[in-house]
Amino acid sequence: MPTSANRNTMTHETDPTSQSVLLPEEAAAARLILCERTGRWAAALRRELEAQQRKRASCAEPPAGISDKTYVSPLPPRVEETRSLARAFRALAEAPASFLIVELSRANVDALLGRMAELARWFPLARLAVLSDRRLAGYGWLMREAGAVWHTCSPRRLAPLAALARRHLVSGPRPRRTLREQIWAGLPWKSGVME
Amino acid sequence: MARKPSTVAQLAKTLNAQAQPIYVLDDEAALVFLNRACREWLGRDAEGLLGTTAAYHSAPEPAGPKAVAAALCPPPQALHGQPCSAPVTHVTPDGRVLKRRAVFVPVGNPGSEPLLIVAVLDAEDLPAQAAPESAAADVAPLADEREAEAAELHERICRFRREAAGRFRADRLLGDSPAMRRARRQVELAAGTRASVLLVGPPGSGREHTASAVHYASDPDRVGSLVPLDCSVLEADLVRETVRALASGEPLGERSARSTLLLNHVDQLPAEGQGELAGVLLGRSFPLRLMATAERPLAALAREGSMRGDLAAGLSTITIELPPLAERREDVPLLAQLFLEEANARSAGQVAGFTPEALDRLDAYVWPGNLDELAQVVAEAHRHAEGPQIDADDLPRRLQLAARAAARPPRAEETIILDEFLGRVERELVRRALERAKGNKARAARLLGMTRPRLYRRLEQLGLLDEEGA
């Protein structure tokens with residue numbers, strides 16, 4: 001049985017450095033990329049990310065089951081908006097460990113399924129979630145089957161998605177650093193003390 | 001003393017007394033209330049309908065609750081918070097088409113997604129003979145449109161599965177190493193049963209691909225869904241939500257019995273709620289086959305106490321071990337060629353193969369990222385290749401560095417000269433404090449918790465005084 005002693009080790013974290021070999025040398029840092037037609041989902045997602053960030057900042061201690069590494073995050077992830085699948089996948093090619101969120105429409109179902117089939121092979125570090133209008137709710141399980149980690153139809157149910165995206169970005173691989181770079185990155189100015 | 005009825009019961013009583021059919025949808029478009037008139041009009045009890053989402057589903061049974069609920073789906077304006085009016089068409093089990101005008105009233109903050117949608121239908125059906133042309137023009141397209149949408153989704157699902165079944169054929173698990181030959185035999189064995197399968201191997205070793213091969217080989221003629229669930233990133237409650245939904249059988253319908261739930265990275269499953277999860281997954285009524293991927297055998301995790309023993313055992317009836325790529329180097333040239341052909345198929349640039357030097361370099365590398373890394377290395381080399389073949393120089397720098405490192409004695413461990421490093425840290429802090437104080441020394445000194453004369457001395461010692469022009 002899991003014990004409270006090992007609970008903190010049973011987080012969603014994987015060793016980010018072990019997968020950093022999968023990052024091409026010219027790869028940019030992981031991003032949160034949102035592909036939608038309007039901007040409606042982006043506004044709701046930003047609100048949710050900020051709300052979660054405020055909630056975390058108000059906690060004196062990381063909640064049980066969340067490691068310090070997951071807990072400490074200086075800012076909510078920035079949402080990079082795109083208006084087409086092609087642009088979204090270009091952004092993903094620049095930052096292959098990104099978290100991609102795509103709004104499903106009748107017009108892009110086949111194109112999205114085609115792209116998702118390529119995702120596991122060519123972007124093994126990326127994860128993809130799907131948003132849609134309620135009228136396309138029936139497509140949710142097909143999208144999950146095709147590899148989407150989550151699907152939602154409601155802008156009011158973005159909390160799980162925001163948490164998923166943040167966890168993906170925190171636990172993803174980062175470029176390997178020298179000891180000097182690691183210490184330098186951990187000095188006070190990184191947490192805004194002298195910014 | 002008689003108990004007063006609750007407000008909700010009072011409200012339900014009032015609505016039930018109305019002659020007009022009224023129904024209410026929640027923020028997920030699920031039916032939460034139907035008054036008596038509505039139930040009578042639909043010819044259904046509320047029990048089977050409550051909780052059903054009023055949205056289009058794949059190939060709904062014509063008289064099933066999903067089909068009835070789909071008929072009650074509000075127009076998009078209502079879903080986006082705008083009151084509107086539209087006809088609602090219901091096909092009775094005996095084939096009669098009933099149509100009534102409905103007013104949809106979203107409840108919630110204006111301009112945002114509604115919390116509830118209340119639909120109030122006319123008390124009488126629209127007479128077909130009163131406006132035969134318009135009725136025919138309205139009803140038929142609506143029914144046709146919904147049928148067409150359901151058929152389109154069904155067709156897409158079938159097409160997706162056919163393509164996936166082709167992509168994940170067991171004979172595409174390439175490699176002639178003893179480990180891969182053994183893995184292929186195990187895949188064939190597992191495909192012939194409904195037993196749970198655990199795929200164990202390091203990240204990038206092809207665990208998901210192998211699981212897909214087992215699934216699609218199990219029943220090639222009537223393939224069900226393969227639903228992956230990423231336990232490394234989903235919160236415990238989302239894992240439970242998905243598993244409960246699948247256990248209910250609703251999302252996949254009769255396909256559930258042919259379908260597979262693939263718990264990816266199950267070794268990272270949050271400890272919280274494992275008991276409840278084990279209860280559902282391992283229960284007799286869970287309709288899907290179980291597969292899981294992990295880096296280590298689950299029995300080892302159970303021994304360490306990070307996974308419940310029953311869950312570990314229940315998920316590992318058959319265990320297929322996939323070796324790291326470094327342990328099957330003889331497969332590297334074949335796999336590299338496969339990935340090169342895939343890269344050729346994706347781009348205009350065509351590259352025929354690898355030079356012997358490039359193959360030597362691929363062979364000498366340790367492949368910590370396994371197949372995923374090999375695929376990525378080949379794709380990167382394909383982009384850089386200028387000749388007809390991939391040369392050693394086209395390969396990523398880390399492979400070249402690894403080759404050079406192998407040829408040289410190991411470098412001394414990286415060291416840090418503490419005084420020099422602390423000096424750099426101090427300079428940086430002082431510089432930032434001055435920047436923040438916009439060059440005001442007194443304010444910078446306060447920020448750094450020192451006196452102004454002492455700051456001047458430190459600036460002089462650090463050689464920053466000249467830079468400041470003081």
# chains A, B, ... in the order shown; residues from 1 in each chain; ligands from 1
>>> closest_atom_pairs(of="chain B", to="chain A", cutoff="6 Å", atoms="only C-alpha atoms", output="CSV")
residue,atom,partner,partner_atom,distance
B:Ala55,CA,A:Arg135,CA,5.5
B:Tyr56,CA,A:Gly138,CA,5.9
B:His57,CA,A:Gly138,CA,4.6
B:Leu226,CA,A:Glu145,CA,5.8
B:Val227,CA,A:Glu145,CA,4.7
B:Ser232,CA,A:His12,CA,4.9
B:Val233,CA,A:His12,CA,5.7
B:Gln268,CA,A:His12,CA,5.9
B:Pro270,CA,A:Met10,CA,5.8
B:Ala271,CA,A:Pro2,CA,5.8
B:Gly305,CA,A:Pro2,CA,5.2
B:Ser306,CA,A:Pro2,CA,4.6
B:Met307,CA,A:Pro2,CA,5.7
B:Arg308,CA,A:Met1,CA,4.6
B:Glu373,CA,A:Leu22,CA,5.3
>>> atom_distance(atom1="CA of Gly249 (chain B)", atom2="CA of Asp26 (chain B)")
21.8 Å
>>> residues_around(residues="Arg207 (chain B)", least_positions_apart="5", cutoff="9 Å", atoms="only C-alpha atoms", output="list in words")
Leu199, Val200, Gly201, Pro202, Ser212, Asn264, Ala292, Thr293, Ala294, Glu321 and Leu322 of chain B
>>> write_last_selection(atoms="C-alpha atoms", output="PDB file, in the first residue's frame")
ATOM      1  CA  LEU B 199       4.801  -3.348 -21.206  1.00  0.00           C
ATOM      2  CA  VAL B 200       8.013  -2.749 -19.300  1.00  0.00           C
ATOM      3  CA  GLY B 201      10.912  -0.802 -20.716  1.00  0.00           C
ATOM      4  CA  PRO B 202      12.753   2.496 -20.562  1.00  0.00           C
ATOM      5  CA  SER B 212      -1.116  -0.793 -29.805  1.00  0.00           C
ATOM      6  CA  ASN B 264       0.582   4.854 -19.747  1.00  0.00           C
ATOM      7  CA  ALA B 292      -0.214  -0.573 -18.930  1.00  0.00           C
ATOM      8  CA  THR B 293       3.273   0.730 -19.549  1.00  0.00           C
ATOM      9  CA  ALA B 294       5.952   1.228 -16.925  1.00  0.00           C
ATOM     10  CA  GLU B 321       9.843  -6.561 -21.591  1.00  0.00           C
ATOM     11  CA  LEU B 322      11.277  -4.179 -24.141  1.00  0.00           C
TER      12      LEU B 322
END
>>> atom_distance(atom1="CA of Lys13 (chain B)", atom2="CA of Asp45 (chain B)")
16.5 Å
>>> select_by_dssp(residues="region 207-432 of chain B", states="strand (DSSP E)", output="list in words")
Leu226, Val227, Pro228, Leu229, Asp230, Thr260, Leu261, Leu262, Leu263, Asn264, Arg289, Leu290, Met291, Ala292, Thr293, Ala294, Ile318, Thr319, Ile320, Glu321, Gly353, Phe354, Gln389 and Ile390 of chain B
>>> closest_residue(among="A:Ala159, A:Ala51, A:Leu100, A:Val170", to="Leu85 (chain A)", atoms="only C-alpha atoms")
A:Leu100
>>> atom_distance(atom1="CA of Leu298 (chain B)", atom2="CA of Glu330 (chain B)")
29.0 Å
>>> closest_residue(among="A:Leu104, A:Val79, A:Leu169, A:Leu112", to="Ala43 (chain A)", atoms="only C-alpha atoms")
A:Val79
>>> closest_residue(among="B:Val377, B:Leu395, B:Ala445, B:Gly463", to="Arg424 (chain B)", atoms="only C-alpha atoms")
B:Gly463
>>> closest_residue(among="A:Ala27, A:Leu128, A:Thr38, A:Arg56", to="Ile101 (chain A)", atoms="only C-alpha atoms")
A:Leu128
>>> residues_around(residues="Asp372 (chain B)", least_positions_apart="2", cutoff="8 Å", atoms="only C-alpha atoms", output="ChimeraX atom specification")
/A:22,121,124 /B:204-206,369-370,374-376
>>> residues_around(residues="Cys84 (chain B)", least_positions_apart="4", cutoff="9 Å", atoms="only C-alpha atoms", output="JSON list (two decimals) with N, CA and C atoms, in the first residue's frame")
[["chain", "number", "residue", "atom", "x", "y", "z"],
["B", 75, "PRO", "N", -29.80, 25.28, -29.69],
["B", 75, "PRO", "CA", -29.01, 25.87, -30.76],
["B", 75, "PRO", "C", -27.75, 26.55, -30.19],
["B", 77, "GLN", "N", -26.60, 29.50, -30.26],
["B", 77, "GLN", "CA", -26.77, 30.80, -29.58],
["B", 77, "GLN", "C", -27.06, 30.58, -28.10],
["B", 78, "ALA", "N", -27.92, 29.61, -27.81],
["B", 78, "ALA", "CA", -28.27, 29.36, -26.41],
["B", 78, "ALA", "C", -27.06, 28.84, -25.64],
["B", 102, "ALA", "N", -39.72, 25.96, -29.54],
["B", 102, "ALA", "CA", -39.19, 26.05, -28.18],
["B", 102, "ALA", "C", -38.48, 27.39, -27.98],
["B", 103, "VAL", "N", -38.62, 27.90, -26.77],
["B", 103, "VAL", "CA", -37.86, 29.11, -26.40],
["B", 103, "VAL", "C", -36.76, 28.66, -25.43],
["B", 104, "PHE", "N", -35.50, 28.99, -25.74],
["B", 104, "PHE", "CA", -34.37, 28.59, -24.90],
["B", 104, "PHE", "C", -33.91, 29.81, -24.10],
["B", 105, "VAL", "N", -33.93, 29.68, -22.78],
["B", 105, "VAL", "CA", -33.53, 30.81, -21.92],
["B", 105, "VAL", "C", -32.28, 30.41, -21.13],
["B", 106, "PRO", "N", -31.11, 30.93, -21.52],
["B", 106, "PRO", "CA", -29.91, 30.63, -20.74],
["B", 106, "PRO", "C", -29.92, 31.40, -19.43]]
>>> decode(residues="region 212-233 of chain B", atoms="N, CA and C atoms", output="compact mmCIF listing (two decimals), in the first residue's frame")
# COMPACT_ATOMS: atom_id res chain seq x y z
N SER B 212 -0.17 -0.97 -28.70
CA SER B 212 -1.12 -0.79 -29.80
C SER B 212 -1.11 -2.03 -30.69
N ALA B 213 0.07 -2.60 -30.91
CA ALA B 213 0.17 -3.79 -31.75
C ALA B 213 -0.64 -4.93 -31.13
N VAL B 214 -0.55 -5.09 -29.82
CA VAL B 214 -1.32 -6.15 -29.14
C VAL B 214 -2.81 -5.89 -29.34
N HIS B 215 -3.22 -4.65 -29.11
CA HIS B 215 -4.64 -4.31 -29.21
C HIS B 215 -5.18 -4.58 -30.62
N TYR B 216 -4.49 -4.06 -31.60
CA TYR B 216 -5.02 -4.17 -32.96
C TYR B 216 -4.91 -5.59 -33.53
N ALA B 217 -3.98 -6.39 -32.96
CA ALA B 217 -3.87 -7.78 -33.42
C ALA B 217 -4.90 -8.67 -32.73
N SER B 218 -5.50 -8.17 -31.64
CA SER B 218 -6.40 -9.01 -30.85
C SER B 218 -7.67 -9.39 -31.62
N ASP B 219 -8.19 -8.44 -32.37
CA ASP B 219 -9.44 -8.70 -33.09
C ASP B 219 -9.44 -7.85 -34.35
N PRO B 220 -8.61 -8.24 -35.33
CA PRO B 220 -8.38 -7.34 -36.47
C PRO B 220 -9.65 -6.99 -37.24
N ASP B 221 -10.67 -7.87 -37.18
CA ASP B 221 -11.87 -7.60 -37.98
C ASP B 221 -12.84 -6.64 -37.30
N ARG B 222 -12.89 -6.69 -35.96
CA ARG B 222 -13.87 -5.85 -35.26
C ARG B 222 -13.13 -5.08 -34.16
N VAL B 223 -12.28 -4.19 -34.62
CA VAL B 223 -11.41 -3.51 -33.66
C VAL B 223 -12.21 -2.51 -32.81
N GLY B 224 -11.97 -2.57 -31.51
CA GLY B 224 -12.57 -1.60 -30.60
C GLY B 224 -11.63 -0.43 -30.37
N SER B 225 -11.97 0.39 -29.40
CA SER B 225 -11.15 1.59 -29.13
C SER B 225 -9.94 1.24 -28.27
N LEU B 226 -8.87 1.97 -28.50
CA LEU B 226 -7.71 1.89 -27.61
C LEU B 226 -7.62 3.26 -26.96
N VAL B 227 -7.96 3.33 -25.69
CA VAL B 227 -8.01 4.63 -25.00
C VAL B 227 -6.77 4.78 -24.11
N PRO B 228 -5.83 5.64 -24.50
CA PRO B 228 -4.67 5.83 -23.64
C PRO B 228 -4.98 6.82 -22.52
N LEU B 229 -4.36 6.59 -21.38
CA LEU B 229 -4.56 7.48 -20.22
C LEU B 229 -3.17 7.74 -19.65
N ASP B 230 -2.75 8.99 -19.68
CA ASP B 230 -1.38 9.32 -19.27
C ASP B 230 -1.32 9.56 -17.76
N CYS B 231 -0.91 8.53 -17.02
CA CYS B 231 -0.91 8.63 -15.56
C CYS B 231 0.21 9.54 -15.05
N SER B 232 1.15 9.92 -15.92
CA SER B 232 2.26 10.74 -15.45
C SER B 232 1.87 12.20 -15.36
N VAL B 233 0.81 12.59 -16.00
CA VAL B 233 0.49 14.01 -16.03
C VAL B 233 -0.94 14.30 -15.56
